[in-house]
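To start, the structure under review is shown below, and the notes come after it.
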Amino acid sequence: MDGAFVVEDGSDDPRRFDVGGTLLVNGEPVTIVLSRRVGKGRRAIALDRPVERGAELTVPRSDLPPLQLGSYYVADLVGLEVLEGARRLGVVSDVVPGPANDNLELDSGVLVPLVEDAVVEIDLAAGRVVLNPGFID
C-alpha cells in the first residue's frame with residue numbers, strides 16, 4: 001500500500017492536489033507526495049504523514065485566489081448571524097449549491113437564496129447577513 005486515499009468533494013482547481021502542494025489537516029501543514037486519478041475522475045493522494053480517516057483537508061488562506069467584489073468563500077459565511085431587521089433568523093451553517101444560485105443554509109434548516117432580492121447586506125466585520133423584510137416567513 002502506498003497510503004493514498006480518495007479525496008471526496010475536492011477542489012475545482014485541478015492543480016490543488018499536485019505533488020508538492022500543501023494542505024492543512026487540523027490546521028497543520030501536510031505535503032502531497034503522490035497524486036493520481038482514480039475511477040470516475042476522482043483524485044487519490046498520499047501525504048507526507050498519516051492522517052485520520054475522514055479528516056477534513058483545507059487550504060491555507062494565502063493560497064486562495066483573490067475574490068471579485070461581492071464574492072465570498074464559504075468559510076467566511078459559515079457562522080454569520082442572519083437578521084431580518086431586528087429579528088434573528090439563525091446562523092449560517094453551510095452554503096448549498098443550487099442550479100440557479102447558491103443558498104445559505106441556516107442552523108434551523110431554512111434555505112435562503114443567495115441573491116440580491118433576498119440579501120441586503122453581507123457584513124463580514126460585523127458577523128452578519130441582513131435580509132430584505134418579508135423574505136422569510
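Identifiers in the C-alpha cells: chain A, B, ... in order shown; residue index from 1 per chain; ligand index from 1 in order shown.
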Residue contacts of Gly3 in chain A (12 Å, only C-alpha atoms) excluding same-chain residues fewer than 5 positions away, as a count of residues only: 14
Using only C-alpha atoms, determine which residues lie at most 8 Å from Glu105 in chain A, disregarding the query and same-chain residues fewer than 6 positions distant; provide the list as number ranges by chain. A: 92-96, 111-112
Residues from the last selection, C-alpha atoms, saved as a tab-separated table (two decimals), in the first residue's frame:
```tsv
chain	number	residue	atom	x	y	z
A	92	VAL	CA	-25.32	30.24	8.53
A	93	SER	CA	-24.33	26.58	8.88
A	94	ASP	CA	-23.43	25.92	5.23
A	95	VAL	CA	-23.70	27.21	1.68
A	96	VAL	CA	-25.60	24.80	-0.56
A	111	LEU	CA	-32.54	27.86	3.00
A	112	VAL	CA	-32.07	31.47	1.90
```
Which residues in range 14-133 of chain A does DSSP call helix (DSSP H, G or I)? List them as a PyMOL selection string. chain A and resi 39-41+61-63+74-77
Would you save the residues of that selection, restricted to N, CA and C atoms, as a compact mmCIF listing (two decimals), in the first residue's frame?
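This went into part.txt:
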```txt
# COMPACT_ATOMS: atom_id res chain seq x y z
N GLY A 39 -11.00 6.02 -10.43
CA GLY A 39 -12.31 5.89 -11.08
C GLY A 39 -13.17 7.13 -11.01
N LYS A 40 -13.90 7.37 -12.10
CA LYS A 40 -14.86 8.47 -12.21
C LYS A 40 -14.21 9.85 -12.03
N GLY A 41 -12.93 9.98 -12.39
CA GLY A 41 -12.26 11.26 -12.35
C GLY A 41 -11.90 11.77 -10.97
N ARG A 61 -5.22 29.95 3.61
CA ARG A 61 -5.93 31.12 3.06
C ARG A 61 -5.06 31.85 2.05
N SER A 62 -3.76 31.90 2.30
CA SER A 62 -2.85 32.62 1.40
C SER A 62 -2.76 31.97 0.02
N ASP A 63 -3.17 30.70 -0.10
CA ASP A 63 -3.14 30.00 -1.39
C ASP A 63 -4.41 30.22 -2.22
N VAL A 74 -17.04 30.19 1.25
CA VAL A 74 -17.99 29.56 2.16
C VAL A 74 -17.53 29.71 3.60
N ALA A 75 -16.25 29.51 3.85
CA ALA A 75 -15.72 29.59 5.22
C ALA A 75 -15.95 30.97 5.83
N ASP A 76 -16.06 32.01 5.01
CA ASP A 76 -16.32 33.35 5.52
C ASP A 76 -17.79 33.53 5.92
N LEU A 77 -18.68 32.79 5.28
CA LEU A 77 -20.11 32.95 5.52
C LEU A 77 -20.61 32.07 6.66
```
Apply DSSP to the structure's backbone, then extract all residues of range 2-136 of chain A labelled strand (DSSP E or B) and return them as number ranges by chain. A: 5-7, 22-25, 28-37, 43-47, 57-58, 81-84, 87-96, 103-106, 111-113, 119-123, 128-131
Just write the chosen residues, C-alpha atoms, as a PDB file, in the first residue's frame.
```
ATOM      1  CA  PHE A   5      -6.729   7.872  -0.238  1.00  0.00           C
ATOM      2  CA  VAL A   6      -9.535   9.299  -2.341  1.00  0.00           C
ATOM      3  CA  VAL A   7     -10.403  12.949  -1.816  1.00  0.00           C
ATOM      4  CA  THR A  22       0.453  21.992   0.762  1.00  0.00           C
ATOM      5  CA  LEU A  23      -2.826  21.279   2.524  1.00  0.00           C
ATOM      6  CA  LEU A  24      -3.860  21.687   6.138  1.00  0.00           C
ATOM      7  CA  VAL A  25      -5.169  18.935   8.420  1.00  0.00           C
ATOM      8  CA  GLU A  28      -1.211  21.683  10.490  1.00  0.00           C
ATOM      9  CA  PRO A  29       0.508  21.703   7.081  1.00  0.00           C
ATOM     10  CA  VAL A  30       0.990  18.469   5.144  1.00  0.00           C
ATOM     11  CA  THR A  31       2.638  17.963   1.766  1.00  0.00           C
ATOM     12  CA  ILE A  32       1.187  15.924  -1.097  1.00  0.00           C
ATOM     13  CA  VAL A  33       3.713  13.232  -2.062  1.00  0.00           C
ATOM     14  CA  LEU A  34       1.575  11.239  -4.532  1.00  0.00           C
ATOM     15  CA  SER A  35      -1.359  12.245  -6.705  1.00  0.00           C
ATOM     16  CA  ARG A  36      -3.266  10.219  -9.283  1.00  0.00           C
ATOM     17  CA  ARG A  37      -6.677   9.995 -10.910  1.00  0.00           C
ATOM     18  CA  ARG A  43      -8.352  12.156  -7.135  1.00  0.00           C
ATOM     19  CA  ALA A  44      -6.309   9.909  -4.831  1.00  0.00           C
ATOM     20  CA  ILE A  45      -3.452  11.458  -2.899  1.00  0.00           C
ATOM     21  CA  ALA A  46      -0.867  10.431  -0.328  1.00  0.00           C
ATOM     22  CA  LEU A  47       0.532  12.837   2.246  1.00  0.00           C
ATOM     23  CA  LEU A  57      -8.415  18.856   4.299  1.00  0.00           C
ATOM     24  CA  THR A  58      -8.249  22.615   3.956  1.00  0.00           C
ATOM     25  CA  GLU A  81     -25.784  35.656  12.132  1.00  0.00           C
ATOM     26  CA  VAL A  82     -28.753  36.120   9.786  1.00  0.00           C
ATOM     27  CA  LEU A  83     -31.117  39.005  10.521  1.00  0.00           C
ATOM     28  CA  GLU A  84     -34.324  40.331   9.051  1.00  0.00           C
ATOM     29  CA  ARG A  87     -35.348  39.678  14.084  1.00  0.00           C
ATOM     30  CA  ARG A  88     -32.658  36.995  14.373  1.00  0.00           C
ATOM     31  CA  LEU A  89     -33.363  34.098  11.998  1.00  0.00           C
ATOM     32  CA  GLY A  90     -30.367  31.922  12.806  1.00  0.00           C
ATOM     33  CA  VAL A  91     -26.758  31.315  11.886  1.00  0.00           C
ATOM     34  CA  VAL A  92     -25.323  30.239   8.527  1.00  0.00           C
ATOM     35  CA  SER A  93     -24.327  26.576   8.879  1.00  0.00           C
ATOM     36  CA  ASP A  94     -23.431  25.918   5.230  1.00  0.00           C
ATOM     37  CA  VAL A  95     -23.695  27.209   1.677  1.00  0.00           C
ATOM     38  CA  VAL A  96     -25.598  24.805  -0.561  1.00  0.00           C
ATOM     39  CA  ASN A 103     -28.319  29.077  -0.835  1.00  0.00           C
ATOM     40  CA  LEU A 104     -27.401  29.948   2.713  1.00  0.00           C
ATOM     41  CA  GLU A 105     -28.422  27.055   4.955  1.00  0.00           C
ATOM     42  CA  LEU A 106     -29.299  28.251   8.437  1.00  0.00           C
ATOM     43  CA  LEU A 111     -32.545  27.861   2.996  1.00  0.00           C
ATOM     44  CA  VAL A 112     -32.075  31.470   1.901  1.00  0.00           C
ATOM     45  CA  PRO A 113     -31.257  32.102  -1.763  1.00  0.00           C
ATOM     46  CA  VAL A 119     -29.846  39.570   0.783  1.00  0.00           C
ATOM     47  CA  VAL A 120     -29.472  43.274   1.531  1.00  0.00           C
ATOM     48  CA  GLU A 121     -26.005  43.099   3.061  1.00  0.00           C
ATOM     49  CA  ILE A 122     -23.241  40.715   3.997  1.00  0.00           C
ATOM     50  CA  ASP A 123     -21.062  42.337   6.643  1.00  0.00           C
ATOM     51  CA  ARG A 128     -23.985  39.229   9.954  1.00  0.00           C
ATOM     52  CA  VAL A 129     -26.153  38.789   6.895  1.00  0.00           C
ATOM     53  CA  VAL A 130     -29.132  41.144   6.603  1.00  0.00           C
ATOM     54  CA  LEU A 131     -32.179  40.037   4.594  1.00  0.00           C
TER      55      LEU A 131
END
```
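You will find CA of Ser11 in chain A at 29.1 Å from CA of Asp117 in chain A.
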Grab the CA of Asp13 in chain A to CA of Val59 in chain A distance for me, in Å with one decimal place.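 So the answer is 11.6 Å.
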Rank nothing, just name the residue among A:Asp18, A:Glu8, A:Asp102, A:Glu116 nearest to Glu56 in chain A, using only C-alpha atoms.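 Comparing A:Asp18, A:Glu8, A:Asp102, A:Glu116 against Glu56 in chain A, the winner is A:Glu8.
Atom pair CA of Leu124 in chain A / CA of Asn101 in chain A: separated by 20.3 Å.
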